[in-house]
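Novice: Structure provided below as structure tokens; questions to follow.
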Amino acid sequence: MASRLGALNAASWLLAYGALGPIGEHAGWTFYYTLGTDMGDPVIWTLSPHGRIHAFMAAVYLVIGVALFVVMAVAMLRQRSRLAWSALLFALVVGGSVEIIVNGPTGLLYQHTLPPNGVTGASLLFVYLFAWTAALLVSWRTVFATP
């Protein structure tokens, strides 16, 4: 598939696809909770209005930031930008590490299970780790090739 699409084009779209996980899971649930729905979880009612607005704005900025990150990486990876490749590596290493440490199967804050998971959509959370890793691997040779 990568050779037919071109390595950089394939990597760009893998990055965009991977961004759907953090947007849907983190921003989606934060928006859902801060808009007053609790799904039977009493924890949400312990958040003050002050805490809820901070969570809501975190979700807003996450969506904006990930959207800009995708636009930058897609546009720049197609131009063989080492900056875009390095930004993706940084986001994967830092964000992915924090994700696994605090939210993985043995997470410090929550024990989110790896796929398969009985909760609808739960397996989508970790998709970005695989998609971004694939994007880095697919684009490595083309981005770092000597001209």
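For the structure tokens, the naming scheme is as follows: chains receive sequential letters (A, B, ...) according to their order of presentation, residues are indexed from 1 within each chain, and ligands are indexed from 1 in presentation order.
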Which polymer residues have any atom within 6 Å of an atom of region 15-21 of chain A, counting only C-alpha atoms, with same-chain residues fewer than 4 positions away left out, as a PyMOL selection string?

Specialist: chain A and resi 25+70+124-125+127-128+131-132

Novice: Show me, as a PyMOL selection string, the residues that have an atom within 9 Å of Ala7 (chain A) when counting only C-alpha atoms, minus same-chain residues fewer than 2 positions from it.

Specialist: chain A and resi 1-5+9-12+78+135+138-142

Novice: With all heavy atoms kept, could you save the residues just selected as a compact mmCIF listing (two decimals), in the first residue's frame?

Specialist:
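The result, written out as part.txt:
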# COMPACT_ATOMS: atom_id res chain seq x y z
N MET A 1 0.82 -1.19 0.00
CA MET A 1 0.00 0.00 0.00
C MET A 1 0.87 1.25 0.00
O MET A 1 0.62 2.18 -0.73
CB MET A 1 -0.91 0.00 1.22
CG MET A 1 -1.75 1.25 1.33
SD MET A 1 -2.89 1.15 2.71
CE MET A 1 -2.57 2.71 3.47
N ALA A 2 1.92 1.27 0.83
CA ALA A 2 2.76 2.46 0.93
C ALA A 2 3.43 2.77 -0.40
O ALA A 2 3.58 3.94 -0.77
CB ALA A 2 3.80 2.29 2.02
N SER A 3 3.85 1.74 -1.14
CA SER A 3 4.53 2.01 -2.41
C SER A 3 3.57 2.55 -3.46
O SER A 3 3.94 3.36 -4.29
CB SER A 3 5.23 0.75 -2.90
OG SER A 3 4.28 -0.26 -3.15
N ARG A 4 2.32 2.09 -3.45
CA ARG A 4 1.34 2.55 -4.42
C ARG A 4 0.95 4.00 -4.16
O ARG A 4 0.81 4.79 -5.08
CB ARG A 4 0.12 1.65 -4.39
CG ARG A 4 -0.83 1.93 -5.55
CD ARG A 4 -1.97 0.95 -5.58
NE ARG A 4 -2.82 1.18 -4.43
CZ ARG A 4 -3.65 0.31 -3.92
NH1 ARG A 4 -3.75 -0.88 -4.45
NH2 ARG A 4 -4.40 0.59 -2.88
N LEU A 5 0.76 4.36 -2.90
CA LEU A 5 0.40 5.73 -2.54
C LEU A 5 1.60 6.65 -2.51
O LEU A 5 1.46 7.86 -2.62
CB LEU A 5 -0.23 5.76 -1.14
CG LEU A 5 -1.61 5.19 -0.97
CD1 LEU A 5 -1.98 5.15 0.51
CD2 LEU A 5 -2.62 5.98 -1.75
N ASN A 9 2.97 10.23 1.31
CA ASN A 9 1.52 10.38 1.31
C ASN A 9 0.88 9.38 2.27
O ASN A 9 -0.02 9.73 3.03
CB ASN A 9 0.98 10.19 -0.11
CG ASN A 9 -0.42 10.68 -0.27
OD1 ASN A 9 -0.85 11.62 0.41
ND2 ASN A 9 -1.16 10.08 -1.18
N ALA A 10 1.35 8.13 2.26
CA ALA A 10 0.84 7.12 3.18
C ALA A 10 1.10 7.52 4.62
O ALA A 10 0.22 7.41 5.48
CB ALA A 10 1.47 5.76 2.87
N ALA A 11 2.31 7.99 4.91
CA ALA A 11 2.65 8.41 6.27
C ALA A 11 1.77 9.58 6.71
O ALA A 11 1.32 9.63 7.86
CB ALA A 11 4.12 8.81 6.36
N SER A 12 1.51 10.51 5.82
CA SER A 12 0.67 11.67 6.15
C SER A 12 -0.73 11.24 6.54
O SER A 12 -1.30 11.72 7.51
CB SER A 12 0.60 12.62 4.95
OG SER A 12 1.87 13.14 4.66
N ARG A 78 5.04 15.71 3.32
CA ARG A 78 5.04 15.58 1.86
C ARG A 78 6.21 16.32 1.23
O ARG A 78 6.58 16.04 0.10
CB ARG A 78 3.72 16.09 1.30
CG ARG A 78 2.57 15.17 1.61
CD ARG A 78 1.29 15.67 1.02
NE ARG A 78 0.22 14.73 1.30
CZ ARG A 78 -1.05 15.02 1.12
NH1 ARG A 78 -1.41 16.19 0.65
NH2 ARG A 78 -1.97 14.12 1.40
N ALA A 135 3.59 5.65 10.54
CA ALA A 135 3.93 6.84 9.75
C ALA A 135 5.42 7.13 9.81
O ALA A 135 6.04 7.46 8.79
CB ALA A 135 3.12 8.05 10.23
N VAL A 138 7.24 4.31 7.79
CA VAL A 138 7.00 4.40 6.35
C VAL A 138 7.76 5.57 5.74
O VAL A 138 8.26 5.48 4.62
CB VAL A 138 5.48 4.53 6.08
CG1 VAL A 138 5.20 4.95 4.65
CG2 VAL A 138 4.78 3.22 6.39
N SER A 139 7.87 6.66 6.47
CA SER A 139 8.48 7.87 5.90
C SER A 139 9.97 8.01 6.18
O SER A 139 10.64 8.86 5.59
CB SER A 139 7.76 9.11 6.43
OG SER A 139 7.91 9.21 7.84
N TRP A 140 10.52 7.20 7.07
CA TRP A 140 11.92 7.34 7.50
C TRP A 140 12.89 7.43 6.33
O TRP A 140 13.65 8.38 6.22
CB TRP A 140 12.31 6.17 8.41
CG TRP A 140 13.78 6.04 8.62
CD1 TRP A 140 14.63 5.21 7.95
CD2 TRP A 140 14.59 6.79 9.52
NE1 TRP A 140 15.92 5.38 8.40
CE2 TRP A 140 15.92 6.36 9.36
CE3 TRP A 140 14.32 7.79 10.43
CZ2 TRP A 140 16.97 6.89 10.10
CZ3 TRP A 140 15.38 8.32 11.17
CH2 TRP A 140 16.67 7.86 11.00
N ARG A 141 12.88 6.46 5.48
CA ARG A 141 13.86 6.39 4.40
C ARG A 141 13.75 7.60 3.46
O ARG A 141 14.74 8.18 3.06
CB ARG A 141 13.69 5.10 3.62
CG ARG A 141 14.76 4.93 2.54
CD ARG A 141 14.80 3.54 2.01
NE ARG A 141 15.35 2.68 3.07
CZ ARG A 141 15.11 1.39 3.19
NH1 ARG A 141 14.35 0.79 2.32
NH2 ARG A 141 15.64 0.71 4.15
N THR A 142 12.52 7.99 3.13
CA THR A 142 12.31 9.10 2.19
C THR A 142 12.72 10.43 2.82
O THR A 142 13.37 11.26 2.18
CB THR A 142 10.85 9.15 1.74
OG1 THR A 142 10.49 7.87 1.22
CG2 THR A 142 10.64 10.20 0.68

Novice: Would you mind telling me which residue in A:Trp13, A:Pro147, A:Pro22, A:Leu109 lies nearest to Arg80 (chain A) when using only C-alpha atoms?

Specialist: A:Pro147

Novice: Give the answer as one residue: which of A:Ala27, A:Leu88, A:Val74, A:Val63 has the shortest atom-to-atom distance to Leu136 (chain A), using only C-alpha atoms?

Specialist: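 Closest candidate: A:Leu88.
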
Novice: Just checking: using only C-alpha atoms, which residue out of A:Thr30, A:Leu62, A:Leu8, A:Phe69 ends up closest to Phe90 (chain A)?

Specialist: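 Using only C-alpha atoms, the shortest distance to Phe90 (chain A) belongs to A:Phe69.
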
Novice: Here is a test: counting only C-alpha atoms, which residue of A:Leu89, A:Val60, A:Pro105, A:Val66 is nearest to Leu137 (chain A)?

Specialist: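 Counting only C-alpha atoms, the residue closest to Leu137 (chain A) is A:Leu89.
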
Novice: Closest to Thr133 (chain A) among A:His26, A:Gln79, A:Ala67, A:Gly96, using only C-alpha atoms?

Specialist: A:Gly96

Novice: How many Å lie between CA of Leu129 (chain A) and CA of Gly24 (chain A), rounded to one decimal?

Specialist: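 According to the coordinates, CA of Leu129 (chain A) and CA of Gly24 (chain A) are separated by 14.2 Å.
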
Novice: Would you please give, as a ChimeraX atom specification, all residues of region 60-128 of chain A that DSSP assigns to helix (DSSP H, G or I) based on the backbone?

Specialist: /A:60-77,82-103,122-124,127-128

Novice: Which one is closest to Thr146 (chain A): A:Asn103, A:Arg82, A:Ala134, A:Ala55? Count only C-alpha atoms.

Specialist: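 Answer, going by the shortest atom-to-atom distance: A:Arg82.
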